[in-house]
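Enquirer: File run_27.txt follows (compact mmCIF, C-alpha atoms):
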```
# COMPACT_ATOMS: atom_id res chain seq x y z
CA MET K 399 -41.36 -21.07 -7.40
CA ASP K 400 -42.65 -24.56 -6.73
CA LYS K 401 -39.95 -26.68 -5.07
CA ASN K 402 -41.07 -29.70 -7.09
CA VAL K 403 -40.32 -28.01 -10.42
CA THR K 404 -37.04 -29.18 -11.91
CA GLY K 405 -35.25 -29.46 -15.22
CA THR K 406 -32.59 -27.62 -17.18
CA PRO K 407 -34.37 -24.21 -17.29
CA VAL K 408 -34.78 -24.18 -13.50
CA GLN K 409 -31.17 -25.20 -12.98
CA LEU K 410 -29.95 -22.47 -15.34
CA PHE K 411 -32.12 -19.91 -13.57
CA HIS K 412 -30.72 -20.79 -10.14
CA TYR K 413 -27.17 -21.03 -11.50
CA THR K 414 -27.41 -17.55 -13.04
CA TYR K 415 -28.97 -16.09 -9.90
CA LEU K 416 -26.33 -17.59 -7.60
CA LEU K 417 -23.52 -16.47 -9.89
CA LYS K 418 -24.82 -12.91 -10.02
CA THR K 419 -25.33 -12.61 -6.26
CA SER K 420 -21.96 -14.25 -5.55
CA TYR K 421 -20.03 -11.74 -7.65
CA GLU K 422 -21.98 -8.83 -6.17
CA GLU K 423 -21.09 -10.14 -2.71
CA ALA K 424 -17.46 -10.58 -3.78
CA ALA K 425 -17.41 -6.96 -4.96
CA ARG K 426 -18.67 -5.77 -1.56
CA TYR K 427 -16.11 -7.86 0.30
CA SER K 428 -13.28 -6.71 -1.96
CA LEU K 429 -14.28 -3.07 -1.48
CA LEU K 430 -14.34 -3.56 2.29
CA ALA K 431 -10.95 -5.29 2.33
CA ILE K 432 -9.40 -2.67 0.02
CA THR K 433 -10.76 0.16 2.16
CA LEU K 434 -9.28 -1.43 5.28
CA LEU K 435 -5.87 -1.98 3.66
CA VAL K 436 -5.75 1.55 2.26
CA PHE K 437 -6.64 2.92 5.70
CA ILE K 438 -3.85 0.87 7.29
CA HIS K 439 -1.44 2.24 4.69
CA PHE K 440 -2.38 5.94 4.88
CA ARG K 441 -3.93 6.04 8.38
CA SER K 442 -6.31 8.76 7.19
CA PRO K 443 -10.02 8.55 6.23
CA LEU K 444 -9.47 11.45 3.82
CA SER K 445 -6.75 9.54 1.98
CA VAL K 446 -9.00 6.47 1.78
CA ALA K 447 -11.75 8.56 0.19
CA LEU K 448 -9.31 10.13 -2.26
CA ALA K 449 -7.81 6.74 -3.21
CA LEU K 450 -11.28 5.33 -3.90
CA LEU K 451 -12.46 8.44 -5.78
CA PRO K 452 -11.12 7.31 -9.21
CA VAL K 453 -12.81 3.91 -8.76
CA GLY K 454 -16.15 5.54 -7.91
CA ILE K 455 -15.99 7.94 -10.87
CA GLY K 456 -14.77 5.15 -13.15
CA PHE K 457 -17.70 2.93 -12.18
CA LEU K 458 -20.15 5.77 -12.86
CA TRP K 459 -18.68 6.28 -16.32
CA LEU K 460 -18.63 2.53 -16.93
CA GLY K 461 -22.30 2.20 -15.97
CA GLY K 462 -23.23 5.11 -18.22
CA LEU K 463 -21.34 3.69 -21.20
CA MET K 464 -22.83 0.22 -20.67
CA GLY K 465 -26.30 1.73 -20.57
CA PHE K 466 -25.65 3.86 -23.65
CA TYR K 467 -24.38 0.90 -25.69
CA LYS K 468 -26.98 -1.46 -24.15
CA ILE K 469 -24.43 -3.88 -22.65
CA PRO K 470 -26.09 -5.64 -19.71
CA LEU K 471 -24.34 -7.30 -16.78
CA ASN K 472 -24.38 -11.04 -17.47
CA PRO K 473 -22.82 -14.13 -15.84
CA ALA K 474 -19.70 -13.68 -17.96
CA ASN K 475 -18.88 -10.01 -17.41
CA ILE K 476 -20.17 -9.50 -13.86
CA MET K 477 -16.87 -10.86 -12.55
CA THR K 478 -15.34 -7.54 -13.59
CA LEU K 479 -16.79 -5.84 -10.49
CA PRO K 480 -14.15 -6.99 -7.96
CA LEU K 481 -11.41 -6.96 -10.60
CA VAL K 482 -11.95 -3.33 -11.61
CA ILE K 483 -12.10 -2.28 -7.95
CA GLY K 484 -8.84 -4.07 -7.13
CA ILE K 485 -6.90 -2.89 -10.17
CA GLY K 486 -8.41 0.60 -10.35
CA VAL K 487 -7.62 1.55 -6.76
CA THR K 488 -3.87 1.12 -7.30
CA ASN K 489 -3.83 4.25 -9.49
CA GLY K 490 -5.09 6.41 -6.65
CA ILE K 491 -2.66 4.86 -4.15
CA HIS K 492 0.39 5.55 -6.33
CA ILE K 493 -0.68 9.12 -7.05
CA LEU K 494 -1.42 9.83 -3.38
CA ASN K 495 1.95 8.45 -2.31
CA ARG K 496 3.75 10.66 -4.81
CA PHE K 497 1.68 13.70 -3.85
CA ALA K 498 2.47 13.17 -0.18
CA GLU K 499 6.18 13.20 -1.05
CA GLU K 500 6.30 16.11 -3.49
CA GLN K 501 3.19 18.17 -2.73
CA THR K 502 2.59 18.90 -6.40
CA PRO K 503 -0.64 17.90 -8.17
CA SER K 504 0.95 17.84 -11.64
CA ILE K 505 1.22 14.05 -11.54
CA LEU K 506 0.80 13.35 -15.28
CA ALA K 507 3.92 15.27 -16.23
CA ARG K 508 6.02 13.27 -13.79
CA SER K 509 7.22 9.69 -13.64
CA THR K 510 4.32 8.50 -11.48
CA GLY K 511 1.72 9.74 -13.96
CA LYS K 512 3.54 8.11 -16.84
CA ALA K 513 3.86 4.87 -14.88
CA VAL K 514 0.14 4.86 -14.06
CA LEU K 515 -0.66 5.54 -17.72
CA VAL K 516 1.58 2.79 -19.09
CA SER K 517 0.47 0.31 -16.42
CA GLY K 518 -3.18 1.03 -17.19
CA LEU K 519 -2.67 0.72 -20.93
CA THR K 520 -0.92 -2.64 -20.60
CA ALA K 521 -3.77 -3.96 -18.42
CA ILE K 522 -6.31 -2.64 -20.93
CA ALA K 523 -4.41 -4.31 -23.77
CA GLY K 524 -4.33 -7.61 -21.88
CA PHE K 525 -8.03 -7.70 -21.09
CA GLY K 526 -8.88 -6.06 -24.41
CA SER K 527 -7.52 -9.10 -26.24
CA LEU K 528 -10.61 -10.95 -24.98
CA ILE K 529 -12.69 -8.77 -27.31
CA LEU K 530 -11.36 -10.85 -30.21
CA ALA K 531 -12.96 -14.02 -28.79
CA GLN K 532 -15.82 -15.65 -30.65
CA HIS K 533 -17.71 -16.42 -27.45
CA ARG K 534 -20.18 -13.61 -26.74
CA GLY K 535 -19.69 -13.79 -22.97
CA ILE K 536 -15.90 -13.61 -23.18
CA LYS K 537 -16.16 -10.77 -25.71
CA SER K 538 -18.48 -8.91 -23.33
CA LEU K 539 -16.01 -9.51 -20.49
CA GLY K 540 -13.22 -7.98 -22.57
CA TYR K 541 -15.31 -4.90 -23.39
CA VAL K 542 -16.45 -4.24 -19.83
CA MET K 543 -13.06 -4.90 -18.25
CA SER K 544 -11.19 -2.71 -20.75
CA VAL K 545 -13.63 0.17 -20.44
CA GLY K 546 -13.72 -0.12 -16.65
CA LEU K 547 -9.93 0.03 -16.35
CA ALA K 548 -9.80 2.92 -18.82
CA THR K 549 -12.38 4.99 -16.96
CA CYS K 550 -10.69 4.41 -13.60
CA MET K 551 -7.31 5.34 -15.07
CA ILE K 552 -8.63 8.52 -16.72
CA ALA K 553 -10.35 9.55 -13.49
CA ALA K 554 -7.13 8.95 -11.53
CA LEU K 555 -5.06 11.04 -13.92
CA THR K 556 -7.53 13.92 -14.23
CA PHE K 557 -10.00 14.19 -11.32
CA LEU K 558 -7.64 13.10 -8.55
CA PRO K 559 -4.87 15.64 -9.31
CA ALA K 560 -7.52 18.35 -9.60
CA ILE K 561 -8.85 17.48 -6.15
CA LEU K 562 -5.32 17.24 -4.73
CA SER K 563 -4.55 20.75 -5.95
CA LEU K 564 -6.93 21.95 -3.22
CA PHE K 565 -4.54 20.47 -0.65
CA VAL K 566 -1.39 22.19 -1.91
CA PRO K 567 0.05 23.82 1.22
CA LYS K 568 -0.34 27.58 1.35
CA GLY K 569 1.22 27.70 4.80
CA PRO K 570 2.65 25.45 7.50
CA GLU K 571 -0.80 24.59 8.88
CA THR K 572 -2.14 22.84 5.75
CA GLU K 573 -2.79 19.14 6.23
CA ARG K 574 -1.45 16.82 3.54
CA PRO K 575 -3.38 13.67 2.66
CA GLY K 576 -1.22 10.68 3.52
CA ALA K 577 1.68 12.83 4.65
CA ASP K 578 2.30 10.64 7.70
CA ASN K 579 3.09 7.69 5.47
CA ALA K 580 5.16 9.54 2.89
CA GLN K 581 8.79 8.68 2.57
CA SER K 582 11.29 11.47 2.38
CA THR K 583 12.66 10.51 -1.02
CA PRO K 584 14.02 13.03 -3.54
CA SER K 585 11.64 14.04 -6.31
CA ARG K 586 14.22 13.38 -9.00
CA GLU K 587 16.44 10.41 -9.43
CA GLU K 588 19.86 10.88 -7.95
CA PRO K 589 22.69 10.57 -10.47
CA ARG K 590 24.12 7.10 -10.46
CA SER K 591 27.78 6.73 -9.80
CA LYS K 592 29.84 5.13 -12.51
CA PRO K 593 30.70 1.50 -11.85
CA GLN K 594 34.25 1.04 -10.74
CA VAL K 595 36.30 -1.15 -12.97
```
In structure tokens, how does this file's structure come out?
Expert:
Amino acid sequence: MDKNVTGTPVQLFHYTYLLKTSYEEAARYSLLAITLLVFIHFRSPLSVALALLPVGIGFLWLGGLMGFYKIPLNPANIMTLPLVIGIGVTNGIHILNRFAEEQTPSILARSTGKAVLVSGLTAIAGFGSLILAQHRGIKSLGYVMSVGLATCMIAALTFLPAILSLFVPKGPETERPGADNAQSTPSREEPRSKPQV
């Protein structure tokens, strides 16, 4: 493009390009930082891969749904990239922590699965309220964010426990993902003592 060309169309073009590349760069940095923090927490490359698995599957589903319904990435909804990564990875971390403690892949039937489900639904409801906006960009942001969180949550509650079932110990030699960082807490809540009057 000629450097002497100016005007509102040129400014909008450069603004849109810079916004798009900035959010793509932010998504890469957030993924790198999250990977580092998860590795510090679990101290295991396998656990890092398992924690990021729901996010990867969720993004694949999100991209497929956006393509099917012809929803393009635009300056309004592209900010969902780092947000979905940051929020979606927490599901995998909670499930891995619980699995390391209990060594059972049936997460959904337990308190952790229910907590992940309710937490995900409340986040979806919060961002889903943007769908009611009259502004097309904000409405698009609400759609993409809600679907992205939903796909990451579904992947965490279905795919991740199925993969973890492969790591159920069949003997004393089986390695447990994140076992080094697991706390030895009881699987059920201990009965609370009655308050003394």
Enquirer: Between atom CA of K:Leu450 and atom CA of K:Val487, what distance in Å does the model show, to one decimal?
Expert: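 Those two atoms sit 6.0 Å apart.
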Enquirer: List as a list in words the protein and nucleic acid residues near K:Ile561, meaning an atom at most 12 Å away when only C-alpha atoms are counted, but skip any in the same chain fewer than 5 places from it.
Expert: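 Counting only C-alpha atoms, the residues come to Leu444, Ser445, Ala447, Leu448, Ala449, Leu451, Pro452, Gly490, Ile493, Leu494, Phe497, Thr502, Pro503, Ser504, Ile505, Ala553, Ala554, Leu555, Thr556, Val566 and Pro575 of chain K.
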Enquirer: Could you turn the residues from that selection into a file that holds C-alpha atoms, as a tab-separated table (two decimals), keeping the file's coordinate frame?
Expert:
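What follows is the written file again00.tsv:
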```tsv
chain	number	residue	atom	x	y	z
K	444	LEU	CA	-9.47	11.45	3.82
K	445	SER	CA	-6.75	9.54	1.98
K	447	ALA	CA	-11.75	8.56	0.19
K	448	LEU	CA	-9.31	10.13	-2.26
K	449	ALA	CA	-7.81	6.74	-3.21
K	451	LEU	CA	-12.46	8.44	-5.78
K	452	PRO	CA	-11.12	7.31	-9.21
K	490	GLY	CA	-5.09	6.41	-6.65
K	493	ILE	CA	-0.68	9.12	-7.05
K	494	LEU	CA	-1.42	9.83	-3.38
K	497	PHE	CA	1.68	13.70	-3.85
K	502	THR	CA	2.59	18.90	-6.40
K	503	PRO	CA	-0.64	17.90	-8.17
K	504	SER	CA	0.95	17.84	-11.64
K	505	ILE	CA	1.22	14.05	-11.54
K	553	ALA	CA	-10.35	9.55	-13.49
K	554	ALA	CA	-7.13	8.95	-11.53
K	555	LEU	CA	-5.06	11.04	-13.92
K	556	THR	CA	-7.53	13.92	-14.23
K	566	VAL	CA	-1.39	22.19	-1.91
K	575	PRO	CA	-3.38	13.67	2.66
```
Enquirer: Rank nothing, just name the residue among K:Ala498, K:Met551, K:Leu539, K:Met477 nearest to K:Thr520, using all atoms listed in the file.
Expert: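 For K:Thr520, the nearest of the candidates is K:Met551.
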Enquirer: For stretch 465-469 of chain K, please output as a list in words all residues within 8 Å (counting all atoms listed in the file; exclusion window: fewer than 3 positions along the same chain).
Expert: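 That gives Gly461, Gly462 and Ser538 of chain K.
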Enquirer: For atom CA of K:Ile536 and atom CA of K:Lys418, quote the distance in Å rounded to one decimal.
Expert: 15.9 Å
Enquirer: What is the distance, in Å and to one decimal place, between atom CA of K:Leu463 and atom CA of K:Gly546?
Expert: 9.7 Å
Enquirer: Between K:Leu530, K:Gly540, K:Tyr421, K:Leu562, which is the closest to K:Pro473 once you count all atoms listed in the file?
Expert: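 With all atoms listed in the file as the atom set, the closest residue is K:Tyr421.
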Enquirer: If you count only C-alpha atoms, which residues fall within 12 Å of K:Leu528, apart from same-chain ones fewer than 4 positions away, as a CSV table (one decimal) with C-alpha atoms, in the frame of the given file?
Expert:
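What landed in selection-v3.csv:
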```csv
chain,number,residue,atom,x,y,z
K,474,ALA,CA,-19.7,-13.7,-18.0
K,475,ASN,CA,-18.9,-10.0,-17.4
K,521,ALA,CA,-3.8,-4.0,-18.4
K,522,ILE,CA,-6.3,-2.6,-20.9
K,523,ALA,CA,-4.4,-4.3,-23.8
K,524,GLY,CA,-4.3,-7.6,-21.9
K,532,GLN,CA,-15.8,-15.6,-30.6
K,533,HIS,CA,-17.7,-16.4,-27.4
K,534,ARG,CA,-20.2,-13.6,-26.7
K,535,GLY,CA,-19.7,-13.8,-23.0
K,536,ILE,CA,-15.9,-13.6,-23.2
K,537,LYS,CA,-16.2,-10.8,-25.7
K,538,SER,CA,-18.5,-8.9,-23.3
K,539,LEU,CA,-16.0,-9.5,-20.5
K,540,GLY,CA,-13.2,-8.0,-22.6
K,541,TYR,CA,-15.3,-4.9,-23.4
K,542,VAL,CA,-16.4,-4.2,-19.8
K,543,MET,CA,-13.1,-4.9,-18.2
K,544,SER,CA,-11.2,-2.7,-20.8
```
